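**Student:** File follows, work15.txt with compact mmCIF, C-alpha atoms:
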# COMPACT_ATOMS: atom_id res chain seq x y z
CA MET A 1 65.52 -12.42 -12.60
CA PRO A 2 62.13 -12.00 -14.30
CA THR A 3 59.68 -9.71 -12.54
CA SER A 4 55.98 -10.52 -12.29
CA ARG A 5 53.31 -8.26 -13.76
CA ILE A 6 49.54 -7.80 -13.38
CA CYS A 7 47.38 -9.08 -16.24
CA PHE A 8 43.63 -8.97 -16.80
CA ARG A 9 42.60 -12.32 -18.20
CA PRO A 10 38.79 -12.70 -18.03
CA GLY A 11 37.43 -16.21 -17.93
CA LEU A 12 34.49 -17.28 -20.05
CA VAL A 13 32.11 -18.20 -17.21
CA PRO A 14 32.65 -15.03 -15.10
CA THR A 15 32.32 -12.88 -18.23
CA LEU A 16 29.03 -14.47 -19.29
CA ALA A 17 27.64 -14.24 -15.76
CA THR A 18 28.57 -10.56 -15.53
CA LEU A 19 27.09 -9.78 -18.95
CA LEU A 20 23.82 -11.34 -17.82
CA LEU A 21 23.62 -10.00 -14.26
CA PHE A 22 24.96 -6.45 -14.62
CA PRO A 23 22.24 -5.16 -17.01
CA ALA A 24 19.57 -6.89 -14.91
CA LEU A 25 20.77 -5.17 -11.72
CA ILE A 26 20.89 -1.78 -13.43
CA ALA A 27 17.39 -2.34 -14.86
CA LEU A 28 16.04 -3.17 -11.41
CA GLY A 29 17.58 0.00 -9.99
CA ILE A 30 16.05 2.12 -12.75
CA TRP A 31 12.68 0.43 -12.17
CA GLN A 32 12.79 1.37 -8.50
CA LEU A 33 13.66 4.96 -9.39
CA ASP A 34 10.65 5.04 -11.71
CA ARG A 35 8.48 3.80 -8.85
CA ALA A 36 9.93 6.47 -6.58
CA ARG A 37 9.02 9.15 -9.15
CA GLU A 38 5.46 7.77 -9.36
CA ALA A 39 5.26 7.74 -5.56
CA SER A 40 6.42 11.38 -5.53
CA ARG A 41 3.64 12.25 -7.97
CA ILE A 42 1.05 10.55 -5.76
CA GLN A 43 2.43 12.26 -2.64
CA ALA A 44 2.15 15.64 -4.36
CA LEU A 45 -1.45 14.77 -5.24
CA ILE A 46 -2.21 13.84 -1.63
CA ASP A 47 -0.68 17.08 -0.37
CA ALA A 48 -2.67 19.14 -2.89
CA HIS A 49 -5.93 17.40 -1.96
CA SER A 50 -5.32 17.85 1.76
CA ARG A 51 -4.91 21.61 1.29
CA GLY A 52 -7.94 21.99 -0.96
CA ARG A 53 -11.48 22.86 -0.09
CA PRO A 54 -13.58 19.89 1.17
CA VAL A 55 -15.62 18.15 -1.51
CA GLU A 56 -19.36 18.12 -0.84
CA VAL A 57 -20.62 14.63 -1.66
CA GLY A 58 -24.23 14.24 -2.75
CA GLN A 59 -26.43 11.80 -4.62
CA GLN A 60 -24.44 11.71 -7.85
CA LEU A 61 -22.10 8.74 -7.96
CA LEU A 62 -18.52 9.97 -8.28
CA PRO A 63 -15.45 8.30 -9.78
CA ALA A 64 -13.13 6.90 -7.13
CA ASP A 65 -10.36 9.36 -8.11
CA GLN A 66 -12.62 12.26 -7.15
CA LEU A 67 -12.85 10.93 -3.59
CA ARG A 68 -9.47 9.29 -2.93
CA TYR A 69 -7.36 11.43 -0.53
CA TYR A 70 -9.88 14.31 -0.68
CA HIS A 71 -11.31 15.96 2.39
CA VAL A 72 -15.07 15.57 2.12
CA ILE A 73 -18.19 16.82 3.84
CA ILE A 74 -21.48 14.91 3.68
CA ARG A 75 -24.89 15.33 5.31
CA GLY A 76 -27.15 12.38 5.97
CA TYR A 77 -28.37 9.68 8.32
CA TYR A 78 -26.60 6.54 9.47
CA ASP A 79 -28.19 3.30 8.27
CA PRO A 80 -27.50 0.70 11.04
CA ARG A 81 -29.12 -2.17 9.11
CA TYR A 82 -26.00 -2.66 6.96
CA GLN A 83 -23.31 -1.75 9.45
CA ILE A 84 -20.28 -4.06 9.45
CA LEU A 85 -17.37 -4.75 11.80
CA LEU A 86 -14.10 -5.08 9.92
CA ASP A 87 -12.11 -7.81 11.66
CA ASN A 88 -8.37 -8.15 12.42
CA GLN A 89 -7.80 -4.49 13.28
CA VAL A 90 -5.15 -3.77 15.92
CA HIS A 91 -4.71 -0.70 18.10
CA ASN A 92 -1.89 -0.43 20.67
CA GLY A 93 -1.41 -4.19 20.50
CA PHE A 94 -5.08 -5.03 21.14
CA ALA A 95 -7.32 -6.79 18.62
CA GLY A 96 -10.61 -5.27 17.60
CA TYR A 97 -12.80 -4.07 14.77
CA ASP A 98 -13.22 -1.02 12.59
CA VAL A 99 -16.86 0.07 12.61
CA ILE A 100 -18.08 0.85 9.10
CA THR A 101 -21.56 2.31 8.82
CA PRO A 102 -23.42 3.35 5.66
CA LEU A 103 -24.54 6.97 5.62
CA HIS A 104 -27.82 7.62 3.84
CA ILE A 105 -26.92 10.82 1.99
CA ALA A 106 -29.63 13.44 2.34
CA GLY A 107 -31.84 14.01 -0.65
CA GLY A 108 -32.02 10.54 -2.22
CA SER A 109 -31.18 6.84 -1.85
CA THR A 110 -27.39 6.90 -2.32
CA ARG A 111 -25.18 5.78 0.56
CA ILE A 112 -21.53 6.16 1.37
CA LEU A 113 -19.55 4.07 3.87
CA VAL A 114 -18.09 5.81 6.91
CA ASN A 115 -15.29 4.24 8.96
CA ARG A 116 -16.19 5.45 12.43
CA GLY A 117 -13.03 4.08 14.04
CA TRP A 118 -11.73 1.20 16.14
CA ILE A 119 -13.42 -0.68 18.99
CA PRO A 120 -11.98 -3.53 21.12
CA LEU A 121 -12.82 -7.15 20.38
CA GLY A 122 -15.04 -7.74 23.39
CA ALA A 123 -15.63 -11.04 25.18
CA ASP A 124 -14.95 -13.28 22.17
CA ARG A 125 -15.39 -13.45 18.41
CA ALA A 126 -18.52 -15.56 18.70
CA HIS A 127 -20.35 -12.61 20.25
CA PRO A 128 -19.50 -9.37 18.40
CA PRO A 129 -20.04 -6.21 20.43
CA GLN A 130 -23.23 -4.22 19.99
CA VAL A 131 -22.23 -0.88 18.50
CA PRO A 132 -24.51 2.14 18.99
CA VAL A 133 -25.43 4.22 15.97
CA PRO A 134 -26.35 7.91 16.40
CA LYS A 135 -29.80 8.93 15.19
CA GLY A 136 -30.72 12.10 13.40
CA GLU A 137 -28.89 14.02 10.69
CA GLN A 138 -25.12 13.85 10.84
CA VAL A 139 -22.51 16.10 9.27
CA ILE A 140 -19.65 13.82 8.22
CA VAL A 141 -16.21 15.33 7.76
CA GLY A 142 -13.33 13.08 6.79
CA VAL A 143 -10.95 11.83 4.12
CA GLY A 144 -11.86 9.55 1.24
CA SER A 145 -10.07 6.21 0.98
CA ILE A 146 -10.43 3.42 -1.58
CA PRO A 147 -10.19 -0.14 -0.19
CA PRO A 148 -7.91 -2.45 -2.20
CA ALA A 149 -9.60 -4.58 -4.84
CA HIS A 150 -7.33 -7.55 -4.10
CA TYR A 151 -6.57 -8.89 -0.65
CA PHE A 152 -5.60 -12.02 1.26
CA THR A 153 -8.45 -13.90 2.90
CA LEU A 154 -8.37 -16.81 5.34
CA ALA A 155 -11.94 -17.97 4.72
CA ARG A 156 -14.46 -17.79 1.91
CA PRO A 157 -16.91 -14.91 2.55
CA GLY A 158 -20.49 -15.83 3.26
CA PRO A 159 -23.25 -15.41 0.70
CA VAL A 160 -24.59 -11.92 0.06
CA SER A 161 -28.16 -13.19 0.35
CA GLY A 162 -29.83 -14.18 3.61
CA PRO A 163 -29.33 -12.61 7.05
CA TRP A 164 -26.91 -9.71 7.18
CA GLN A 165 -23.38 -10.77 8.13
CA THR A 166 -22.00 -8.26 10.62
CA VAL A 167 -18.32 -9.30 10.82
CA TRP A 168 -16.26 -9.06 7.61
CA GLU A 169 -12.66 -10.10 7.19
CA ASN A 170 -11.98 -7.58 4.40
CA MET A 171 -13.63 -4.43 3.10
CA ASP A 172 -14.82 -5.87 -0.19
CA MET A 173 -16.62 -3.03 -1.98
CA ARG A 174 -17.89 -5.26 -4.79
CA ARG A 175 -19.37 -7.74 -2.34
CA PHE A 176 -20.97 -4.96 -0.30
CA ARG A 177 -22.45 -3.38 -3.41
CA ARG A 178 -23.99 -6.71 -4.44
CA ALA A 179 -25.44 -7.25 -0.97
CA VAL A 180 -27.32 -3.96 -0.56
CA PRO A 181 -30.37 -2.55 -2.36
CA PHE A 182 -29.10 1.01 -2.83
CA PRO A 183 -26.49 2.86 -4.93
CA LEU A 184 -23.13 3.24 -3.19
CA GLN A 185 -20.34 5.76 -3.56
CA PRO A 186 -17.02 3.98 -4.32
CA ALA A 187 -15.13 5.13 -1.22
CA VAL A 188 -14.93 4.69 2.53
CA ILE A 189 -14.73 7.94 4.47
CA LEU A 190 -12.28 7.98 7.38
CA LEU A 191 -14.18 10.00 9.95
CA ASP A 192 -12.22 13.00 11.18
CA PRO A 193 -10.79 12.43 14.69
CA LYS A 194 -12.44 15.66 15.88
CA SER A 195 -15.85 14.83 14.45
CA PRO A 196 -18.69 14.34 16.98
CA ALA A 197 -20.62 12.11 14.54
CA GLY A 198 -20.55 8.90 16.56
CA GLY A 199 -16.88 8.03 16.22
CA PHE A 200 -14.60 5.73 18.18
CA VAL A 201 -10.78 5.47 18.27
CA ARG A 202 -9.55 7.24 15.14
CA LYS A 203 -5.78 7.40 14.72
CA TRP A 204 -5.55 7.23 10.97
CA GLN A 205 -2.12 6.68 9.49
CA GLU A 206 -0.91 9.22 7.00
CA PRO A 207 -0.73 7.73 3.48
CA ASP A 208 2.80 6.44 2.87
CA THR A 209 3.61 6.31 -0.84
CA GLY A 210 6.97 4.66 -0.16
CA ILE A 211 9.27 7.22 -1.81
CA ALA A 212 12.19 6.57 0.57
CA MET A 213 11.69 2.81 0.32
CA HIS A 214 11.90 2.79 -3.49
CA GLN A 215 14.94 5.07 -3.45
CA SER A 216 16.62 2.76 -0.92
CA TYR A 217 15.91 -0.29 -3.07
CA ALA A 218 17.28 1.49 -6.13
CA GLY A 219 20.49 2.27 -4.25
CA GLN A 220 20.84 -1.35 -3.20
CA TRP A 221 20.49 -2.62 -6.79
CA PHE A 222 23.07 -0.12 -8.04
CA LEU A 223 25.47 -1.08 -5.23
CA LEU A 224 25.06 -4.75 -6.16
CA ALA A 225 25.86 -3.86 -9.78
CA ALA A 226 29.00 -2.00 -8.68
CA ALA A 227 30.01 -4.89 -6.41
CA LEU A 228 29.56 -7.30 -9.31
CA LEU A 229 32.01 -5.30 -11.43
CA VAL A 230 34.53 -5.17 -8.62
CA ILE A 231 34.28 -8.93 -8.10
CA TYR A 232 34.55 -9.54 -11.84
CA VAL A 233 37.76 -7.53 -12.08
CA TRP A 234 39.15 -9.09 -8.90
CA VAL A 235 38.71 -12.70 -9.97
CA ASN A 236 40.10 -12.06 -13.45
CA VAL A 237 43.23 -10.10 -12.53
CA LYS A 238 46.23 -12.37 -12.20
CA ARG A 239 49.87 -11.88 -11.31
CA VAL A 240 51.97 -13.44 -14.07
CA THR A 241 55.70 -14.21 -14.00
CA PRO A 242 57.18 -14.25 -17.52
CA ASP A 243 58.80 -17.44 -18.73
CA PRO A 244 62.57 -16.83 -19.03
CA LYS A 245 62.61 -18.62 -22.38
CA GLU A 246 59.92 -16.32 -23.76
CA SER A 247 61.70 -13.24 -22.48
CA GLY A 248 64.87 -14.17 -24.35
CA HIS A 249 66.87 -15.03 -21.24
CA GLU A 250 68.29 -18.50 -20.81
CA THR A 251 68.92 -19.97 -17.43
CA ARG A 252 71.85 -22.20 -16.70
Kindly present the structure from the file in structure tokens form.
**Tutor:**
Amino acid sequence: MPTSRICFRPGLVPTLATLLLFPALIALGIWQLDRAREASRIQALIDAHSRGRPVEVGQQLLPADQLRYYHVIIRGYYDPRYQILLDNQVHNGFAGYDVITPLHIAGGSTRILVNRGWIPLGADRAHPPQVPVPKGEQVIVGVGSIPPAHYFTLARPGPVSGPWQTVWENMDMRRFRRAVPFPLQPAVILLDPKSPAGGFVRKWQEPDTGIAMHQSYAGQWFLLAAALLVIYVWVNVKRVTPDPKESGHETR
């Protein structure tokens, strides 16, 4: 009696699909590994900056990369005329604002924005809370951050001319720069939680460069590629029973 045997007989459609999908899945995994390596580089930069000596910021306008993630120290006076409340900020489940106040850096006309922390919403959005601003010279200690250049907005921002708009939906540095009559450093300083310079709730999140996330995504793409190969082999392996006539045996 003829015995069956296992044969690998790939079909045209599964083969074409595998040839298209397998390289794409591998490429996506490699791309995520590249992003993980870039995130590791940025994390190393953050760690190096956090251990370094604080940067003293003065009148000279600095490139953003010389402020991002650096500990800084600045002397100057708060300018309450151009203070803004950054909307849609949440702390412990409660809505509120981040208070961002320009600091008039001592010795000239240059300002730098200082995020003094979170305050609760108040009675309603139609009546923003009145936020006190300390007078006299302040010594600002904090970490430089660069607001994103692109963001999602629910409403078109108001014009930069006319009365000062206190509540902003996003920290738009370009819009702020156009709206004020003084030079502005390209960063927002996150006021140190221990600073006495007029701060509010300051629980800043540590920068997360997403190393583990990119590595996890890479693993998922590689697993999908491996699963694709397994499925391809599975659907194309068939158990075949030889035809007695082909095997040289004749049945009666």
**Student:** What is the distance, in Å and to one decimal place, between atom CA of A:Met171 and atom CA of A:Ala212?
**Tutor:**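 One can read the atom CA of A:Met171 to atom CA of A:Ala212 distance as 28.2 Å.
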**Student:** I'd like the contact shell of A:Ala123 - 12 Å cut-off, all atoms listed in the file, skipping same-chain residues fewer than 4 positions apart - returned as a list in words.
**Tutor:**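 The filter keeps Ala95, Gly96, His127, Pro128, Pro129 and Gln130 of chain A.
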**Student:** Smallest atom-to-atom distance to A:Gly210: which of A:Val233, A:Ala226, A:Ile100, A:Ala39, using only C-alpha atoms?
**Tutor:** A:Ala39
**Student:** Pick out the residues sitting within 12 Å of A:Gln59, and hand them over as a ChimeraX atom specification; count all atoms listed in the file, and ignore anything fewer than 2 positions along from it in its own chain.
**Tutor:** /A:56-57,61-62,74-76,103-112,182-185
**Student:** Tell me which of A:Ser40, A:Val188, A:Tyr69, A:Tyr82 sits closest to A:Leu113, counting all atoms listed in the file.
**Tutor:** A:Val188
**Student:** Closest to A:Gln165 among A:Ile84, A:Val90, A:Leu21, A:Val201, using only C-alpha atoms?
**Tutor:** A:Ile84
**Student:** Find, counting all atoms listed in the file, the residue in A:Phe94, A:Phe22, A:Arg35, A:Val180 that gets nearest to A:Met213.
**Tutor:**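 Result for the nearest residue to A:Met213: A:Arg35.
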**Student:** I'd like to know which of A:Glu137, A:Asp98, A:Asp208, A:Glu169 is closest to A:Val114, using all atoms listed in the file.
**Tutor:**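 Of A:Glu137, A:Asp98, A:Asp208, A:Glu169, the one nearest A:Val114, counting all atoms listed in the file, is A:Asp98.
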**Student:** Given 6 Å of margin on each side, can you work out the centre and size in Å (one decimal) of an axis-aligned box holding every listed atom of stretch 97-106 of chain A, as AutoDock Vina command-line options?
**Tutor:**
--center_x -21.2 --center_y 4.7 --center_z 8.4 --size_x 28.8 --size_y 29.5 --size_z 24.8
**Student:** Smallest atom-to-atom distance to A:Gln32: which of A:Thr166, A:Gln220, A:Thr101, A:Asn236, using only C-alpha atoms?
**Tutor:**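 Residue with the minimum atom-to-atom distance to A:Gln32: A:Gln220.
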**Student:** Where does stretch 32-110 of chain A meet stretch 142-148 of chain A within 9 Å, residue by residue, with the nearest atom pair and distance in Å to one decimal for each, counting all atoms listed in the file, listed by chain and rising number, as JSON lines?
**Tutor:**
{"residue": "A:Ser50", "atom": "CA", "partner": "A:Val143", "partner_atom": "CA", "distance": 8.6}
{"residue": "A:Pro54", "atom": "CA", "partner": "A:Gly142", "partner_atom": "CA", "distance": 8.8}
{"residue": "A:Ala64", "atom": "CA", "partner": "A:Ile146", "partner_atom": "CA", "distance": 7.1}
{"residue": "A:Asp65", "atom": "CA", "partner": "A:Ile146", "partner_atom": "CA", "distance": 8.8}
{"residue": "A:Gln66", "atom": "CA", "partner": "A:Gly144", "partner_atom": "CA", "distance": 8.8}
{"residue": "A:Leu67", "atom": "CA", "partner": "A:Gly144", "partner_atom": "CA", "distance": 5.1}
{"residue": "A:Arg68", "atom": "CA", "partner": "A:Gly144", "partner_atom": "CA", "distance": 4.8}
{"residue": "A:Tyr69", "atom": "CA", "partner": "A:Gly144", "partner_atom": "CA", "distance": 5.2}
{"residue": "A:Tyr70", "atom": "CA", "partner": "A:Gly144", "partner_atom": "CA", "distance": 5.5}
{"residue": "A:His71", "atom": "CA", "partner": "A:Val143", "partner_atom": "CA", "distance": 4.5}
{"residue": "A:Val72", "atom": "CA", "partner": "A:Gly142", "partner_atom": "CA", "distance": 5.6}
{"residue": "A:Ile73", "atom": "CA", "partner": "A:Gly142", "partner_atom": "CA", "distance": 6.8}
{"residue": "A:Ile74", "atom": "CA", "partner": "A:Gly142", "partner_atom": "CA", "distance": 8.9}
**Student:** Please check which residues have atoms at most 12 Å from (15.5, -2.1, -12.1) in the file's coordinates, counting only C-alpha atoms, and write them as a ChimeraX atom specification.
**Tutor:** /A:21-36,214-215,217-222,224-225
**Student:** When you draw a straight line from atom CA of A:Pro134 to atom CA of A:Ala197, how long is it in Å?
**Tutor:**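 Distance reported for this atom pair: 7.3 Å.
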**Student:** How many Å lie between atom CA of A:Gly199 and atom CA of A:Trp168, rounded to one decimal?
**Tutor:** 19.1 Å
